[in-house]
Amino acid sequence: MLNVTDDFPVMTYFCLTYKAARKPGGGLPGVSLATFKDAEHIVRLAVASAIVLVIFLLVRAHFIPKSFGQYGHYRGDALAELTAKPIHYAGHQTCEQCHSDVLDVKKMGKHAGVNCEGCHGPQAKHAEDPGAGKPVLPDTKVLCARCHEANLAKPKNFPQVVTADHSGGEACKTCHQPHSPLLAPGEKKKS
Amino acid sequence: MPFDGFMYPNEVELQWSVLIVVYPFLTGLVAGAFILASLERIFHVEAVKPTYRLALLTALSFLLVAPLPLQLHLGRPERSLEMYLTPHTSSAMAMFGFVYLWYLMAVILLEIWLEYRKEIVLLSQSTTGLKRQMYRLLTLGSSNLSEGALKVDDKVGWVVSLIGIPSAFLLHGYVGFIFGSIKANPWWNTPLMPVVFLFSAMVSGIAIVLLIYMATCKLRHIKIDMRCVDTIAQYLLYTFIIDFGLEMLDLIHRIYEADESFHSLNFMMQTKLFFSQVVLQIALGTVVPILTLGFIQIFHVPEKVRKLCYSICGALTIIGIFAMRWNVVIGGQLFSKSFLGYTTYKVDLISREGELIAAGLLLLPFIILAVMVKILPPWPRDEVSAAD
């Protein structure tokens with residue numbers, strides 16, 4: 001039978017004295033029960049550490065969400081929570097179903113690859129119920145500069161202007177049609 | 001404009017602030033102070049005995065503050081605990097959390113407990129009230145002070161010191177590793193980084209223990225043990241020489257290799273980092289202390305002058321090592337990865353990552369140390385009883 005309070009100190013003590021015993025003149029100190037008692041506080045420390053460890057493991061078990069690690073190093077439930085969030089963007093296909101006139105202009109111009117909501121912002125609510133209210137039209141002075149303001153870090157072949165020099169504060173739409181920017185306002189592309 | 005030449009947009013503003021300078025600085029002091037203490041213990045250097053306990057308490061005080069700059073820098077400190085709950089093995093910082101915890105719990109606290117067990121037991125019998133309860137808790141219910149029990153303390157403590165040395169190497173080597181392993185940054189990316197950090201840590205730790213020991217002697221109106229400070233100064237010199245040698249090795253290697261980053265880094269050293277690197281770190285923080293300490297080794301210098309020299313060298317060393325951390329952390333963010341531009345770092349006085357907070361973090365360990373010294377007096381046993 002292994003007796004924790006008695007045998008553990010025996011083992012600890014033996015390991016510790018082994019080194020001393022190998023030193024010249026060291027010799028194994030008197031191995032009596034009294035000397036084992038001297039390691040009692042070490043055992044107490046070991047037990048205290050074990051208790052702390054167990055508490056830590058309990059706390060850990062309590063705080064780690066149940067679904068953690070279900071699919072990877074994250075909370076599995078997070079996926080369901082994310083899908084439950086309301087949708088803000090409808091996608092350009094949806095817009096184009098009702099605004100085919102805009103699409104017709106846009107697809108011929110340089111902004112063909114730019115999505116509706118990239119300029120108009122998230123419009124899922126409007127797409128679901130157009131009667132609920134008209135979307136606010138973007139201010140071209142702010143909007144266009146967001147993409148076209150000159151910056152060294154942008155790719156060289158991307159069209160850029162220093163807006164202060166280029167338009168002198170005038171709204172871009174006075175000279176450019178937003179949906180087909182190389183056309184002047186009112187101008188129509190001949191196909 | 002805060003920058004010259006060409007910077008990528010995400011390089012204009014520095015992300016790692018002065019707090020990230022404070023972090024390796026503090027960790028370095030911990031590792032250095034502990035290594036000094038362990039060397040005394042493992043190699044039985046009697047001369048430096050008076051600083052053994054002081055060095056342990058110093059290491060603990062600085063260790064407790066070491067993670068705070070990171071918490072302040074990142075914000076949301078409560079989230080840092082998650083790294084213990086759900087650690088990710090691919091994250092260098094998460095693994096640092098474990099190195100830190102191991103060092104705190106398994107090395108420093110354990111060694112201090114074993115070293116102080118006798119005092120704790122005696123104090124639990126001589127004090128009263130709340131203090132008594134505290135000491136009694138610390139005894140863990142065992143008041144065995146027999147010769148055999150103290151022998152066990154000594155032996156287990158020896159083993160802990162032995163484990164502690166590689167642990168301290170790991171702790172600070174790891175801090176160097178975090179920088180050295182960032183392959184996108186040529187200023188940091190060198191396998192020498194952990195080793196350089198380690199030796200600079202030992203230099204700063206030895207210097208701070210030297211300074212703290214001399215200061216406590218002054219405060220307690222006790223004669224400074226010259227044999228002790230002379231020996232520590234000797235250690236300081238030796239580790240300094242190794243540290244300086246390694247840093248120069250790194251420099252020569254960079255100069256000879258002269259890869260595509262060299263021109264840019266060289267320019268930076270001659271302009272933006274000239275004061276902090278060449279003047280503070282190399283000239284005042286390294287060459288002056290090495291020459292002074294070396295001079296003392298060779299020529300006979302009167303005691304009074306020696307004391308003064310040690311204080312000045314200690315202070316210069318600490319400033320130099322702080323400058324070294326600054327040059328690594330801040331210097332590594334001042335140049336563009338295009339090697340065509342340089343930015344500037346402006347630190348605020350009052351903000352979450354400002355000078356005031358940094359100064360507070362550097363002061364806090366000393367306050368903790370003052371409290372710790374009250375609870376666990378580090379002075380030699382005979383001296384305490386003589387004073388009572």
# chains A, B, ... in the order shown; residues from 1 in each chain; ligands from 1

$ closest_atom_pairs --of "chain A" --to "chain B" --cutoff "6 Å" --atoms "only C-alpha atoms" --output "tab-separated table"
residue	atom	partner	partner_atom	distance
A:Asp38	CA	B:Ala149	CA	4.3
A:His41	CA	B:Ser142	CA	5.6
A:Arg60	CA	B:Leu85	CA	5.7

$ residues_around --residues "range 140-147 of chain A" --least-positions-apart "3" --cutoff "12 Å" --atoms "only C-alpha atoms" --output "VMD selection string"
chain A and resid 111 114 118 to 121 137 150 to 151 154 to 155 158 to 164 166 to 179 181

$ residues_around --residues "Ser38 in chain B" --least-positions-apart "2" --cutoff "9 Å" --atoms "only C-alpha atoms" --output "list in words"
Ala33, Phe34, Ile35, Leu36, Glu40, Arg41, Ile42, Phe43, Tyr52, Leu56, Trp158, Ser161, Leu162, Gly164 and Ile165 of chain B

$ select_by_dssp --residues "range 66-137 of chain A" --states "helix (DSSP H, G or I)" --output "VMD selection string"
chain A and resid 77 to 83 92 to 98 100 to 106 116 to 120 124 to 128 130 to 132

$ write_last_selection --atoms "C-alpha atoms" --output "PDB file, in the first residue's frame"
ATOM      1  CA  ASP A  77     -21.420  28.456 -31.999  1.00  0.00           C
ATOM      2  CA  ALA A  78     -19.860  31.579 -33.462  1.00  0.00           C
ATOM      3  CA  LEU A  79     -20.856  30.368 -36.936  1.00  0.00           C
ATOM      4  CA  ALA A  80     -24.547  30.159 -36.046  1.00  0.00           C
ATOM      5  CA  GLU A  81     -24.381  33.533 -34.296  1.00  0.00           C
ATOM      6  CA  LEU A  82     -22.861  35.125 -37.362  1.00  0.00           C
ATOM      7  CA  THR A  83     -25.419  33.665 -39.742  1.00  0.00           C
ATOM      8  CA  HIS A  92     -25.682  43.951 -57.248  1.00  0.00           C
ATOM      9  CA  GLN A  93     -27.761  41.236 -58.939  1.00  0.00           C
ATOM     10  CA  THR A  94     -30.704  42.234 -56.726  1.00  0.00           C
ATOM     11  CA  CYS A  95     -30.362  45.945 -57.518  1.00  0.00           C
ATOM     12  CA  GLU A  96     -30.081  45.241 -61.223  1.00  0.00           C
ATOM     13  CA  GLN A  97     -33.441  43.429 -61.290  1.00  0.00           C
ATOM     14  CA  CYS A  98     -35.259  46.716 -60.659  1.00  0.00           C
ATOM     15  CA  SER A 100     -31.850  47.763 -65.208  1.00  0.00           C
ATOM     16  CA  ASP A 101     -31.623  51.285 -66.667  1.00  0.00           C
ATOM     17  CA  VAL A 102     -28.668  52.062 -64.415  1.00  0.00           C
ATOM     18  CA  LEU A 103     -27.074  48.756 -65.297  1.00  0.00           C
ATOM     19  CA  ASP A 104     -27.384  49.507 -69.005  1.00  0.00           C
ATOM     20  CA  VAL A 105     -25.423  52.733 -68.521  1.00  0.00           C
ATOM     21  CA  LYS A 106     -22.934  51.319 -66.094  1.00  0.00           C
ATOM     22  CA  CYS A 116     -23.721  49.381 -56.691  1.00  0.00           C
ATOM     23  CA  GLU A 117     -23.383  49.185 -52.970  1.00  0.00           C
ATOM     24  CA  GLY A 118     -19.698  50.091 -53.137  1.00  0.00           C
ATOM     25  CA  CYS A 119     -20.965  53.599 -53.846  1.00  0.00           C
ATOM     26  CA  HIS A 120     -24.494  53.566 -52.430  1.00  0.00           C
ATOM     27  CA  ALA A 124     -30.620  45.468 -48.311  1.00  0.00           C
ATOM     28  CA  LYS A 125     -33.525  47.167 -46.518  1.00  0.00           C
ATOM     29  CA  HIS A 126     -34.337  49.257 -49.565  1.00  0.00           C
ATOM     30  CA  ALA A 127     -34.095  46.264 -51.886  1.00  0.00           C
ATOM     31  CA  GLU A 128     -36.533  44.342 -49.759  1.00  0.00           C
ATOM     32  CA  PRO A 130     -38.404  50.040 -51.985  1.00  0.00           C
ATOM     33  CA  GLY A 131     -41.482  51.866 -50.770  1.00  0.00           C
ATOM     34  CA  ALA A 132     -40.013  52.274 -47.268  1.00  0.00           C
TER      35      ALA A 132
END

$ residues_around --residues "range 231-242 of chain B" --least-positions-apart "5" --cutoff "7 Å" --atoms "only C-alpha atoms" --output "PyMOL selection string"
chain B and resi 47-48+199+202-203+206-207+210+290+293-294
